[in-house]
$ cat upload-v7.cif   # mmCIF, C-alpha atoms
data_start
loop_
_atom_site.label_atom_id
_atom_site.label_comp_id
_atom_site.auth_asym_id
_atom_site.auth_seq_id
_atom_site.Cartn_x
_atom_site.Cartn_y
_atom_site.Cartn_z
CA MET A 26 -10.81 -18.17 29.23
CA PRO A 27 -13.90 -17.12 31.18
CA ILE A 28 -14.34 -13.95 33.18
CA SER A 29 -17.64 -12.74 34.59
CA PHE A 30 -18.84 -9.71 36.53
CA TYR A 31 -22.05 -7.79 37.14
CA THR A 32 -22.84 -4.51 35.41
CA ALA A 33 -23.42 -2.96 38.82
CA GLN A 34 -19.70 -3.39 39.48
CA ILE A 35 -18.62 -1.25 36.51
CA PRO A 36 -18.60 2.15 38.29
CA SER A 37 -16.50 0.79 41.16
CA LEU A 38 -14.08 -0.85 38.69
CA ILE A 39 -13.56 2.46 36.87
CA THR A 40 -13.07 4.29 40.19
CA TRP A 41 -10.56 1.67 41.33
CA PHE A 42 -8.56 1.85 38.09
CA ASN A 43 -8.45 5.64 38.20
CA GLY A 44 -7.19 5.48 41.77
CA PHE A 45 -4.64 2.72 41.23
CA ILE A 46 -3.06 4.19 38.10
CA GLY A 47 -3.90 7.86 38.63
CA PHE A 48 -6.49 9.39 36.34
CA ARG A 49 -4.18 12.21 35.26
CA GLU A 50 -1.55 9.65 34.18
CA ILE A 51 -4.18 7.75 32.18
CA GLN A 52 -5.46 10.98 30.66
CA LYS A 53 -1.97 12.08 29.56
CA ARG A 54 -1.41 8.85 27.68
CA ILE A 55 -4.84 8.99 26.06
CA GLU A 56 -4.04 12.54 24.90
CA ARG A 57 -0.71 11.39 23.43
CA VAL A 58 -2.47 8.65 21.46
CA GLU A 59 -5.09 11.12 20.27
CA MET A 60 -2.35 13.49 19.12
CA LYS A 61 -0.68 10.66 17.20
CA LEU A 62 -3.94 9.73 15.47
CA LYS A 63 -4.72 13.38 14.77
CA ASP A 64 -1.29 13.79 13.20
CA ILE A 65 -2.01 10.86 10.88
CA GLY A 66 -5.37 12.47 10.08
CA MET A 67 -7.13 9.43 8.69
CA SER A 68 -8.78 6.18 9.72
CA VAL A 69 -6.23 3.37 10.13
CA PRO A 70 -8.01 0.20 11.34
CA SER A 71 -4.84 -1.48 12.65
CA LEU A 72 -4.25 1.52 14.95
CA ASP A 73 -7.90 1.64 15.96
CA ARG A 74 -7.51 -1.94 17.16
CA ARG A 75 -4.22 -1.23 18.92
CA TYR A 76 -5.65 1.78 20.76
CA TYR A 77 -9.11 0.37 21.44
CA PHE A 78 -8.61 0.68 25.20
CA HIS A 79 -7.68 4.37 25.08
CA SER A 80 -10.75 5.45 23.11
CA THR A 81 -13.09 3.11 25.00
CA TYR A 82 -11.85 3.97 28.48
CA LYS A 83 -12.12 7.70 27.81
CA ARG A 84 -15.82 7.24 27.01
CA LEU A 85 -16.32 4.98 30.02
CA ALA A 86 -14.68 7.42 32.44
CA LYS A 87 -16.77 10.30 31.10
CA ARG A 88 -20.04 8.38 31.31
CA ASN A 89 -19.16 7.13 34.77
CA ARG A 90 -18.44 10.68 35.95
CA THR A 91 -21.72 12.02 34.51
CA PHE A 92 -23.77 8.93 35.47
CA GLY A 93 -24.33 8.22 31.78
CA ARG A 94 -25.49 4.90 30.36
CA ILE A 95 -22.77 2.36 29.62
CA ASP A 96 -23.60 0.04 26.73
CA ILE A 97 -22.43 -3.45 27.70
CA GLY A 98 -23.54 -4.71 24.29
CA GLU A 99 -20.62 -2.87 22.67
CA PRO A 100 -17.74 -5.40 22.40
CA ASN A 101 -14.91 -2.94 23.14
CA THR A 102 -16.74 -1.68 26.23
CA THR A 103 -17.00 -5.16 27.67
CA ARG A 104 -13.44 -5.91 26.61
CA ALA A 105 -12.00 -2.84 28.36
CA ILE A 106 -14.00 -3.42 31.54
CA SER A 107 -12.98 -7.10 31.53
CA LEU A 108 -9.33 -6.07 31.47
CA VAL A 109 -9.83 -3.68 34.39
CA ALA A 110 -11.70 -6.37 36.33
CA ALA A 111 -8.90 -8.87 35.74
CA LEU A 112 -6.25 -6.35 36.81
CA LYS A 113 -8.11 -5.61 40.03
CA GLU A 114 -8.34 -9.32 40.80
CA PHE A 115 -4.65 -9.79 39.98
CA VAL A 116 -3.52 -6.90 42.21
CA THR A 117 -5.23 -8.14 45.38
CA PRO A 118 -2.54 -10.55 46.69
CA LEU A 119 0.48 -8.58 45.42
CA SER A 120 3.05 -6.96 47.69
CA HIS A 121 3.69 -3.22 47.68
CA ASP A 122 6.69 -3.59 45.37
CA GLU A 123 4.81 -5.94 43.02
CA ARG A 124 1.92 -3.47 42.81
CA ALA A 125 4.33 -0.66 41.95
CA ARG A 126 5.86 -2.78 39.17
CA LEU A 127 2.42 -3.63 37.80
CA ARG A 128 1.37 0.03 37.83
CA SER A 129 4.51 0.93 35.86
CA ARG A 130 3.79 -1.90 33.43
CA ILE A 131 0.23 -0.64 32.84
CA LEU A 132 1.40 2.93 32.26
CA GLU A 133 4.07 1.68 29.85
CA SER A 134 1.43 -0.36 27.99
CA LEU A 135 -0.66 2.79 27.54
CA ASP A 136 2.15 4.69 25.82
CA PRO A 137 1.56 5.39 22.08
CA ASP A 138 4.49 3.22 20.98
CA ARG A 139 3.29 0.18 22.93
CA ASP A 140 0.37 -2.23 22.64
CA ILE A 141 -1.84 -2.81 25.67
CA ARG A 142 -3.16 -5.99 24.06
CA GLU A 143 0.04 -7.73 25.23
CA LEU A 144 -0.89 -7.04 28.86
CA GLU A 145 -4.50 -7.94 28.08
CA HIS A 146 -3.39 -11.37 26.88
CA GLU A 147 -1.50 -11.98 30.13
CA MET A 148 -4.57 -11.03 32.15
CA ARG A 149 -6.77 -13.40 30.16
CA ALA A 150 -4.32 -16.19 30.93
CA PHE A 151 -4.38 -15.19 34.61
CA VAL A 152 -8.19 -15.33 34.66
CA HIS A 153 -8.20 -18.69 32.88
CA TYR A 154 -6.03 -20.41 35.49
CA LYS A 155 -7.48 -18.53 38.47
CA SER A 156 -10.96 -19.67 37.41
CA ALA A 157 -9.66 -23.25 37.27
CA GLY A 158 -8.70 -23.07 40.96
CA TYR A 159 -4.99 -22.31 40.64
CA THR A 160 -2.92 -19.73 42.48
CA VAL A 161 -1.29 -17.47 39.92
CA THR A 162 1.71 -15.38 40.94
CA PRO A 163 4.01 -13.21 38.80
CA GLY A 164 7.15 -15.16 37.91
CA ASP A 165 9.21 -12.34 36.41
CA GLY A 166 9.15 -10.11 39.46
CA ASN A 167 12.59 -11.24 40.63
CA LYS A 168 16.00 -11.27 38.99
CA MET A 169 16.13 -15.05 38.50
CA ASP A 170 12.87 -15.96 36.76
CA ARG A 171 11.92 -14.50 33.38
CA PHE A 172 8.64 -16.27 32.70
CA ASP A 173 5.33 -14.49 33.29
CA PHE A 174 3.48 -16.62 35.84
CA LEU A 175 4.07 -19.44 38.29
CA ILE A 176 0.94 -21.59 38.47
CA ARG A 177 0.29 -23.63 41.64
CA GLY A 178 -2.60 -25.79 42.79
CA ASN A 179 -4.41 -29.08 42.22
CA ASN A 180 -1.15 -30.87 43.17
CA ARG A 181 0.62 -29.17 40.23
CA GLU A 182 3.23 -26.47 39.76
CA PHE A 183 4.25 -25.17 36.36
CA GLU A 184 5.46 -22.06 34.55
CA LEU A 185 3.55 -19.97 32.02
CA GLU A 186 4.90 -17.58 29.39
CA CYS A 187 2.54 -15.41 27.32
CA LYS A 188 3.41 -14.00 23.90
CA THR A 189 1.51 -12.06 21.26
CA PHE A 190 1.88 -12.07 17.49
CA ALA A 191 1.41 -8.65 15.90
CA GLU A 192 -0.81 -8.23 12.87
CA SER A 193 2.18 -7.43 10.69
CA ILE A 194 4.43 -10.25 11.96
CA GLY A 195 6.59 -11.62 9.17
CA THR A 196 5.57 -8.93 6.68
CA PRO A 197 8.13 -6.55 5.11
CA VAL A 198 5.91 -3.52 5.81
CA SER A 199 5.24 -2.85 9.48
CA VAL A 200 2.30 -0.87 10.83
CA GLU A 201 4.72 1.95 11.69
CA ASP A 202 6.00 1.96 8.08
CA SER A 203 2.49 2.19 6.69
CA VAL A 204 1.56 5.05 9.04
CA TYR A 205 4.14 7.45 7.65
CA VAL A 206 3.26 6.40 4.08
CA PHE A 207 -0.39 7.14 4.86
CA ARG A 208 0.55 10.58 6.14
CA ALA A 209 2.30 11.28 2.84
CA ILE A 210 -0.75 10.10 0.87
CA ARG A 211 -3.08 12.27 2.93
CA LYS A 212 -0.94 15.38 2.51
CA ALA A 213 -0.68 14.76 -1.24
CA VAL A 214 -4.45 14.36 -1.63
CA LEU A 215 -5.15 17.51 0.38
CA ALA A 216 -2.52 19.44 -1.59
CA GLU A 217 -4.31 18.75 -4.89
CA PRO A 218 -7.77 20.39 -4.63
CA SER A 219 -8.46 19.50 -8.27
CA PHE A 220 -8.30 15.80 -7.41
CA ARG A 221 -11.83 14.76 -6.48
CA GLU A 222 -12.10 11.19 -7.73
CA SER A 223 -12.96 8.25 -5.51
CA GLY A 224 -11.00 5.02 -5.64
CA ILE A 225 -8.19 2.83 -4.32
CA LEU A 226 -4.64 4.19 -4.37
CA ARG A 227 -2.06 1.41 -4.16
CA LEU A 228 1.54 2.17 -3.27
CA ILE A 229 3.73 -0.94 -3.57
CA PHE A 230 7.44 -1.17 -2.68
CA PRO A 231 10.06 -3.77 -3.70
CA ALA A 232 10.62 -4.57 -0.02
CA ARG A 233 9.86 -2.11 2.79
CA PRO A 234 9.41 1.68 2.27
CA LEU A 235 12.78 3.44 2.06
CA LEU A 236 11.71 6.84 0.73
CA SER A 237 11.12 9.66 3.21
CA GLU A 238 7.65 11.00 3.96
CA GLN A 239 8.46 14.22 2.09
CA GLU A 240 9.66 12.33 -0.99
CA LEU A 241 6.57 10.15 -1.02
CA GLU A 242 4.28 13.17 -0.68
CA LYS A 243 5.83 14.78 -3.77
CA ILE A 244 5.62 11.51 -5.76
CA VAL A 245 1.95 10.94 -4.91
CA ALA A 246 1.01 14.60 -5.51
CA LYS A 247 2.62 14.55 -8.96
CA PHE A 248 0.90 11.26 -9.75
CA LEU A 249 -2.52 12.65 -8.81
CA LEU A 250 -1.93 15.87 -10.78
CA GLN A 251 -1.02 13.97 -13.94
CA ALA A 252 -3.97 11.61 -13.39
CA PRO A 253 -2.40 8.44 -14.85
CA THR A 254 -3.79 5.01 -14.04
CA GLU A 255 -0.42 3.51 -13.15
CA GLN A 256 3.18 4.58 -12.61
CA ARG A 257 6.25 2.43 -12.01
CA ASP A 258 9.71 3.16 -10.67
CA THR A 259 12.56 1.01 -9.34
CA ARG A 260 11.69 2.26 -5.84
CA TYR A 261 7.88 1.93 -5.95
CA SER A 262 4.79 1.42 -8.08
CA LEU A 263 1.61 3.52 -7.95
CA ARG A 264 -1.82 2.54 -9.20
CA PHE A 265 -5.20 4.23 -8.91
CA GLU A 266 -8.39 2.22 -9.37
CA ARG A 267 -11.45 4.42 -9.81
CA ARG A 268 -14.62 3.55 -7.90
CA PRO A 269 -17.40 5.55 -9.61
CA GLU A 270 -20.01 3.81 -7.46
CA TRP A 271 -18.48 5.51 -4.41
CA ASP A 272 -18.98 8.90 -6.06
CA ALA A 273 -22.60 8.02 -6.82
CA TRP A 274 -23.29 6.89 -3.26
CA LEU A 275 -21.70 10.02 -1.80
CA LYS A 276 -23.86 12.25 -4.02
CA GLU A 277 -26.92 10.41 -2.70
CA GLY A 278 -25.70 10.85 0.89
CA LYS A 279 -25.12 7.11 1.33
CA HIS A 280 -21.88 7.35 3.29
CA SER A 281 -22.56 4.07 5.09
CA ASP A 282 -22.64 2.22 1.75
CA VAL A 283 -19.16 3.55 0.96
CA VAL A 284 -17.86 2.52 4.38
CA ASP A 285 -19.33 -0.99 4.03
CA ASN A 286 -17.85 -1.39 0.56
CA ILE A 287 -14.43 -0.27 1.78
CA ALA A 288 -14.68 -2.80 4.60
CA ASN A 289 -15.31 -5.51 1.99
CA GLN A 290 -12.31 -4.28 0.00
CA PHE A 291 -10.23 -4.57 3.18
CA ALA A 292 -11.00 -8.28 3.33
CA GLU A 293 -9.41 -8.61 -0.11
CA HIS A 294 -6.27 -6.62 0.71
CA ASN A 295 -3.61 -6.71 3.37
CA LEU A 296 -3.93 -5.10 6.80
CA HIS A 297 -2.16 -1.91 5.72
CA PHE A 298 -4.92 0.35 4.50
CA MET A 299 -6.41 3.71 5.40
CA THR A 300 -9.51 5.66 4.41
CA MET A 301 -10.10 9.34 3.63
CA LEU A 302 -13.81 10.09 3.41
CA SER A 303 -15.42 13.47 2.72
CA ARG A 304 -18.70 14.71 1.25
CA ASN A 305 -17.24 14.74 -2.25
CA HIS A 306 -14.94 11.76 -2.57
CA ALA A 307 -13.46 8.73 -0.83
CA VAL A 308 -9.89 7.47 -1.15
CA MET A 309 -8.69 4.14 0.16
CA GLY A 310 -4.90 3.91 0.44
CA VAL A 311 -3.22 0.51 0.40
CA VAL A 312 0.47 -0.05 1.17
CA GLY A 313 2.17 -3.28 0.18
CA SER A 314 5.41 -5.00 -0.75
CA GLU A 315 6.51 -7.21 -3.63
CA GLN A 316 8.52 -9.22 -1.12
CA ARG A 317 6.74 -12.27 0.21
CA SER A 318 5.54 -12.35 3.78
CA HIS A 319 6.84 -15.05 6.11
CA PRO A 320 4.53 -14.98 9.15
CA VAL A 321 4.95 -18.68 9.93
CA THR A 322 8.74 -18.37 10.11
CA SER A 323 8.48 -15.28 12.30
CA ILE A 324 6.01 -16.99 14.65
CA PHE A 325 8.37 -20.00 14.91
CA SER A 326 11.20 -17.65 15.85
CA ARG A 327 9.12 -15.87 18.50
CA LEU A 328 8.00 -19.16 20.04
CA LYS A 329 11.56 -20.45 20.20
CA LYS A 330 12.78 -17.27 21.91
CA ALA A 331 9.90 -17.48 24.37
CA SER A 332 10.91 -21.02 25.30
CA ASP A 333 14.18 -19.63 26.69
CA GLN A 334 12.25 -17.59 29.28
CA PHE A 335 11.57 -20.68 31.38
CA SER A 336 13.73 -22.00 34.21
CA LYS A 337 13.63 -25.53 32.68
CA GLN A 338 13.22 -26.85 36.23
CA ARG A 339 9.44 -27.22 36.04
CA PRO A 340 6.81 -28.14 33.42
CA ALA A 341 6.07 -25.18 31.16
CA VAL A 342 3.16 -23.83 29.10
CA LEU A 343 3.62 -21.38 26.26
CA TRP A 344 0.53 -19.35 25.35
CA GLY A 345 0.55 -17.26 22.17
CA ASN A 346 -2.16 -14.85 21.06
CA PHE A 347 -2.84 -13.53 17.54
CA LEU A 348 -3.59 -9.82 17.62
CA GLY A 349 -6.16 -8.39 15.25
CA ILE A 350 -7.88 -11.72 14.54
CA GLY A 351 -11.52 -12.04 15.50
CA GLU A 352 -13.22 -15.09 16.93
CA SER A 353 -14.81 -16.20 13.65
CA GLU A 354 -11.49 -15.91 11.82
CA PHE A 355 -9.72 -17.89 14.54
CA ARG A 356 -12.38 -20.60 14.48
CA GLY A 357 -11.73 -20.84 10.74
CA LEU A 358 -8.03 -21.42 11.44
CA LEU A 359 -8.90 -24.09 14.01
CA ALA A 360 -11.07 -25.89 11.48
CA GLU A 361 -8.43 -25.98 8.75
CA THR A 362 -6.70 -29.31 8.14
CA ARG A 363 -3.77 -30.36 5.97
CA LEU A 364 -2.80 -33.96 5.32
CA GLY A 365 -5.07 -35.08 8.12
CA HIS A 366 -3.68 -32.67 10.72
CA ARG A 367 -4.90 -29.34 12.03
CA SER A 368 -3.08 -26.51 10.26
CA LEU A 369 -2.02 -24.94 13.56
CA ASP A 370 -0.35 -28.20 14.63
CA VAL A 371 2.72 -27.12 12.66
CA PHE A 372 3.60 -24.59 15.37
CA GLY A 373 3.47 -27.20 18.10
CA HIS A 374 5.46 -29.79 16.17
CA ASN A 375 8.16 -27.23 15.39
CA LEU A 376 8.33 -26.10 19.02
CA PHE A 377 8.42 -29.59 20.55
CA LYS A 378 10.86 -31.28 18.19
CA SER A 379 14.04 -30.02 19.91
CA SER A 380 15.29 -31.88 23.00
CA ASN A 381 16.42 -28.50 24.39
CA ARG A 382 12.75 -27.63 24.76
CA ASN A 383 11.52 -30.83 26.40
CA HIS A 384 10.49 -28.85 29.49
CA ILE A 385 7.56 -27.43 27.48
CA VAL A 386 4.47 -29.56 27.90
CA ARG A 387 1.77 -27.54 26.24
CA LEU A 388 1.29 -24.91 23.52
CA ARG A 389 -1.86 -22.80 23.54
CA LEU A 390 -2.87 -20.36 20.82
CA SER A 391 -5.76 -17.91 20.94
CA ALA A 392 -6.99 -14.70 19.29
CA ASP A 393 -8.34 -11.28 20.23
CA GLY A 394 -11.95 -12.27 19.62
CA LEU A 395 -14.13 -12.40 22.71
CA ASN A 396 -17.37 -14.28 23.13
CA VAL A 397 -19.45 -11.84 25.17
CA GLN A 398 -22.73 -12.82 26.77
CA ALA A 399 -24.96 -10.68 28.97
CA THR A 400 -27.34 -12.84 30.98
CA ARG A 401 -30.32 -11.45 32.86
CA SER A 402 -31.27 -12.93 36.20
CA GLU A 403 -34.90 -13.96 36.70
CA SER A 404 -34.90 -12.82 40.34
CA VAL A 405 -36.71 -9.75 41.64
CA TYR A 406 -33.42 -7.86 41.88
CA VAL A 407 -32.32 -7.84 38.26
CA ARG A 408 -28.59 -7.81 37.56
CA ASN A 409 -26.94 -8.23 34.18
CA GLU A 410 -24.00 -10.60 34.47
CA ILE A 411 -21.35 -10.45 31.76
CA HIS A 412 -19.41 -13.54 30.68
CA THR A 413 -16.50 -13.22 28.29
CA GLY A 414 -14.28 -15.86 26.77
CA GLY A 415 -13.18 -17.34 23.50
CA PRO A 416 -11.82 -20.41 21.72
CA ALA A 417 -8.23 -21.61 22.08
CA TYR A 418 -6.00 -24.12 20.33
CA ASP A 419 -4.27 -26.62 22.59
CA LEU A 420 -1.49 -29.08 21.74
CA THR A 421 0.54 -31.20 24.15
CA SER A 422 4.04 -32.48 23.55
CA ARG A 423 4.71 -36.17 23.12
CA VAL A 424 8.41 -35.78 23.82
CA SER A 425 8.36 -33.63 26.96
CA ARG A 426 10.00 -35.06 30.04
CA TYR A 427 6.86 -34.08 31.93
CA SER A 428 3.39 -35.56 31.54
CA ALA A 429 0.51 -33.71 29.89
CA GLU A 430 -1.43 -33.98 33.15
CA SER A 431 1.17 -31.80 34.91
CA THR A 432 -0.23 -28.68 33.23
CA GLU A 433 -3.95 -29.43 32.91
#

$ encode --input "upload-v7.cif" --output "structure tokens"
Amino acid sequence: MPISFYTAQIPSLITWFNGFIGFREIQKRIERVEMKLKDIGMSVPSLDRRYYFHSTYKRLAKRNRTFGRIDIGEPNTTRAISLVAALKEFVTPLSHDERARLRSRILESLDPDRDIRELEHEMRAFVHYKSAGYTVTPGDGNKMDRFDFLIRGNNREFELECKTFAESIGTPVSVEDSVYVFRAIRKAVLAEPSFRESGILRLIFPARPLLSEQELEKIVAKFLLQAPTEQRDTRYSLRFERRPEWDAWLKEGKHSDVVDNIANQFAEHNLHFMTMLSRNHAVMGVVGSEQRSHPVTSIFSRLKKASDQFSKQRPAVLWGNFLGIGESEFRGLLAETRLGHRSLDVFGHNLFKSSNRNHIVRLRLSADGLNVQATRSESVYVRNEIHTGGPAYDLTSRVSRYSAESTE
């Protein structure tokens, strides 16, 4: 999925994006996201990843306006600029009405309750096929077709549908659920000035959270005041694990050691965690469920629904992207094998086994991780050229009525 551009193009890309979307419209949506994060009042990594573009683009626009230095070595900077570059390339051949629809789609993707990474995935797919010499046109711009892109060229014509899999897919507790639980935890901690211990506060529910934010705040505040190690109820369980080493590090001014340790703890827990860090203490909140997660089943369901987007009159490619998974993690998934088969093959086999889906030729899976390289030319006029891309899983159907070559 390669895309490349020169650093000298960055100012013009930012200017173009501001003009195409309208800087005031972009700014309003950035402010809404900032208000949402301010209301939560704590660091929530899953939301930081969802809103990476908002925070990154705000910095880019400011530096561009003040002629400040833009660090292309920062992954989110390159990622945001790559998306803008892809959008500019995609817009060029569109009609006036198609451009208006795309502008509306971008603005919608920037809203606080949406995820711009869905649009980003579509643009990566566009760049992938455009770079391979194909003509890529929007397929869902009319009332008949519901797939994302119609791919033409190299004596081929096929349909492409792009889907993303959220970080919380198949889990009982959604990111939105955990956010309001985190707000309750934060309010409870701030309401008890006598509570100054550092540690991990776990709040586990039988299924998904059903108590209101106000009820949870009272429960957590009472728990902290009584200072027990653990408390159980039919509706929840609370547990506090002290981390005296965090207190020691904070006293020595080693905040970075606390942050690094919390990051390591995150690797051992689920994706629903938040951090409150002050000069005196650090609290890591973790939200979970006793109910088992079923991500594989949920991904199967999403792939099957996506297969209905096609016209079934042409060969089809379904491209799914895992949000919140880095390149190294995805490479680990690619390397896994079970009973002599790649672990990810299970998604392809499940998708292809039905004769109602024999129009699908190929399943691709990828992740958010980008491989970013900045190469310096050896010529007199030095230009840094940025290349971005990443690994992808690819599986072709053996039962499709179309050949694998029809979508290469």

$ closest_residue --input "upload-v7.cif" --among "A:Arg104, A:Lys113, A:Arg49, A:Arg211" --to "Leu132 of chain A" --atoms "only C-alpha atoms"
A:Arg49

$ closest_residue --input "upload-v7.cif" --among "A:Leu108, A:Val342, A:Ala232, A:Met67" --to "Arg149 of chain A" --atoms "all atoms listed in the file"
A:Leu108

$ residues_around --input "upload-v7.cif" --residues "Leu215 of chain A" --least-positions-apart "2" --cutoff "12 Å" --atoms "only C-alpha atoms" --output "NGL selection string"
:A and (66-67 or 208-213 or 217-221 or 242 or 245-246 or 249-250 or 301-303 or 306 or 308)

$ closest_residue --input "upload-v7.cif" --among "A:Val198, A:Ala341, A:Ile244, A:Met148" --to "Arg317 of chain A" --atoms "only C-alpha atoms"
A:Val198

$ residues_around --input "upload-v7.cif" --residues "Phe45 of chain A" --least-positions-apart "4" --cutoff "9 Å" --atoms "all atoms listed in the file" --output "number ranges by chain"
A: 40-41, 128

$ write_last_selection --input "upload-v7.cif" --atoms "C-alpha atoms" --output "mmCIF file, in the frame of the given file"
data_model
loop_
_atom_site.group_PDB
_atom_site.id
_atom_site.type_symbol
_atom_site.label_atom_id
_atom_site.label_comp_id
_atom_site.auth_asym_id
_atom_site.auth_seq_id
_atom_site.Cartn_x
_atom_site.Cartn_y
_atom_site.Cartn_z
ATOM 1 C CA THR A 40 -13.070 4.290 40.190
ATOM 2 C CA TRP A 41 -10.560 1.670 41.330
ATOM 3 C CA ARG A 128 1.370 0.030 37.830
#

$ closest_residue --input "upload-v7.cif" --among "A:Ala150, A:Leu85, A:Leu226, A:Leu376" --to "Ile106 of chain A" --atoms "only C-alpha atoms"
A:Leu85

$ closest_residue --input "upload-v7.cif" --among "A:Glu133, A:Asp285, A:Glu433, A:Lys247" --to "Asn179 of chain A" --atoms "all atoms listed in the file"
A:Glu433

$ atom_distance --input "upload-v7.cif" --atom1 "atom CA of Leu185 of chain A" --atom2 "atom CA of Leu359 of chain A"
22.3 Å

$ closest_residue --input "upload-v7.cif" --among "A:Arg74, A:Leu62, A:Phe372, A:Lys243" --to "Ala216 of chain A" --atoms "only C-alpha atoms"
A:Lys243

$ resolve_selection --input "upload-v7.cif" --expression "the PyMOL selection byres ((chain A and resi 272-276) around 9)" --output "PyMOL selection string"
chain A and resi 222-224+268-271+277-283+303-307

$ write_last_selection --input "upload-v7.cif" --atoms "C-alpha atoms" --output "PDB file, in the frame of the given file"
ATOM      1  CA  GLU A 222     -12.100  11.190  -7.730  1.00  0.00           C
ATOM      2  CA  SER A 223     -12.960   8.250  -5.510  1.00  0.00           C
ATOM      3  CA  GLY A 224     -11.000   5.020  -5.640  1.00  0.00           C
ATOM      4  CA  ARG A 268     -14.620   3.550  -7.900  1.00  0.00           C
ATOM      5  CA  PRO A 269     -17.400   5.550  -9.610  1.00  0.00           C
ATOM      6  CA  GLU A 270     -20.010   3.810  -7.460  1.00  0.00           C
ATOM      7  CA  TRP A 271     -18.480   5.510  -4.410  1.00  0.00           C
ATOM      8  CA  GLU A 277     -26.920  10.410  -2.700  1.00  0.00           C
ATOM      9  CA  GLY A 278     -25.700  10.850   0.890  1.00  0.00           C
ATOM     10  CA  LYS A 279     -25.120   7.110   1.330  1.00  0.00           C
ATOM     11  CA  HIS A 280     -21.880   7.350   3.290  1.00  0.00           C
ATOM     12  CA  SER A 281     -22.560   4.070   5.090  1.00  0.00           C
ATOM     13  CA  ASP A 282     -22.640   2.220   1.750  1.00  0.00           C
ATOM     14  CA  VAL A 283     -19.160   3.550   0.960  1.00  0.00           C
ATOM     15  CA  SER A 303     -15.420  13.470   2.720  1.00  0.00           C
ATOM     16  CA  ARG A 304     -18.700  14.710   1.250  1.00  0.00           C
ATOM     17  CA  ASN A 305     -17.240  14.740  -2.250  1.00  0.00           C
ATOM     18  CA  HIS A 306     -14.940  11.760  -2.570  1.00  0.00           C
ATOM     19  CA  ALA A 307     -13.460   8.730  -0.830  1.00  0.00           C
TER      20      ALA A 307
END

$ resolve_selection --input "upload-v7.cif" --expression "the PyMOL selection byres ((chain A and resi 145) around 12)" --output "ChimeraX atom specification"
/A:75,77-78,104-112,130-131,134-135,140-144,146-152,187-189,346,348,392-393,395

$ atom_distance --input "upload-v7.cif" --atom1 "atom CA of Glu255 of chain A" --atom2 "atom CA of Ile225 of chain A"
11.8 Å

$ residues_around --input "upload-v7.cif" --residues "Phe355 of chain A" --least-positions-apart "2" --cutoff "12 Å" --atoms "all atoms listed in the file" --output "VMD selection string"
chain A and resid 346 to 353 357 to 361 368 to 369 390 to 395 415 to 418

$ residues_around --input "upload-v7.cif" --residues "segment 52-59 of chain A" --least-positions-apart "3" --cutoff "9 Å" --atoms "only C-alpha atoms" --output "list in words"
Gly47, Phe48, Arg49, Leu62, Lys63, Asp64, Tyr76, His79, Ser80, Tyr82, Lys83, Leu132, Leu135, Asp136, Pro137 and Asp138 of chain A

$ atom_distance --input "upload-v7.cif" --atom1 "atom CA of Gly164 of chain A" --atom2 "atom CA of Val424 of chain A"
25.0 Å

$ residues_near_point --input "upload-v7.cif" --point "(-5.0, -17.4, 37.9)" --cutoff "12 Å" --atoms "all atoms listed in the file" --output "PyMOL selection string"
chain A and resi 26-28+111-112+114-118+147-163+173-178+184-185

$ decode --input "upload-v7.cif" --residues "segment 248-270 of chain A" --atoms "C-alpha atoms" --output "PDB file, in the first residue's frame"
ATOM      1  CA  PHE A 248     -14.835   2.337  47.941  1.00  0.00           C
ATOM      2  CA  LEU A 249     -11.863   4.725  47.989  1.00  0.00           C
ATOM      3  CA  LEU A 250     -12.985   6.284  51.287  1.00  0.00           C
ATOM      4  CA  GLN A 251     -13.235   2.902  53.007  1.00  0.00           C
ATOM      5  CA  ALA A 252      -9.895   1.858  51.475  1.00  0.00           C
ATOM      6  CA  PRO A 253     -10.648  -1.870  51.050  1.00  0.00           C
ATOM      7  CA  THR A 254      -8.626  -4.019  48.677  1.00  0.00           C
ATOM      8  CA  GLU A 255     -11.654  -5.564  46.986  1.00  0.00           C
ATOM      9  CA  GLN A 256     -15.432  -5.192  46.900  1.00  0.00           C
ATOM     10  CA  ARG A 257     -18.010  -7.356  45.145  1.00  0.00           C
ATOM     11  CA  ASP A 258     -21.634  -6.831  44.211  1.00  0.00           C
ATOM     12  CA  THR A 259     -24.044  -8.575  41.838  1.00  0.00           C
ATOM     13  CA  ARG A 260     -23.717  -5.576  39.507  1.00  0.00           C
ATOM     14  CA  TYR A 261     -19.934  -5.073  39.612  1.00  0.00           C
ATOM     15  CA  SER A 262     -16.660  -5.891  41.327  1.00  0.00           C
ATOM     16  CA  LEU A 263     -14.007  -3.380  42.427  1.00  0.00           C
ATOM     17  CA  ARG A 264     -10.370  -4.074  43.166  1.00  0.00           C
ATOM     18  CA  PHE A 265      -7.453  -1.775  43.929  1.00  0.00           C
ATOM     19  CA  GLU A 266      -3.884  -2.977  43.449  1.00  0.00           C
ATOM     20  CA  ARG A 267      -1.339  -0.693  45.094  1.00  0.00           C
ATOM     21  CA  ARG A 268       1.789   0.243  43.149  1.00  0.00           C
ATOM     22  CA  PRO A 269       4.203   1.660  45.770  1.00  0.00           C
ATOM     23  CA  GLU A 270       6.955   1.867  43.159  1.00  0.00           C
TER      24      GLU A 270
END
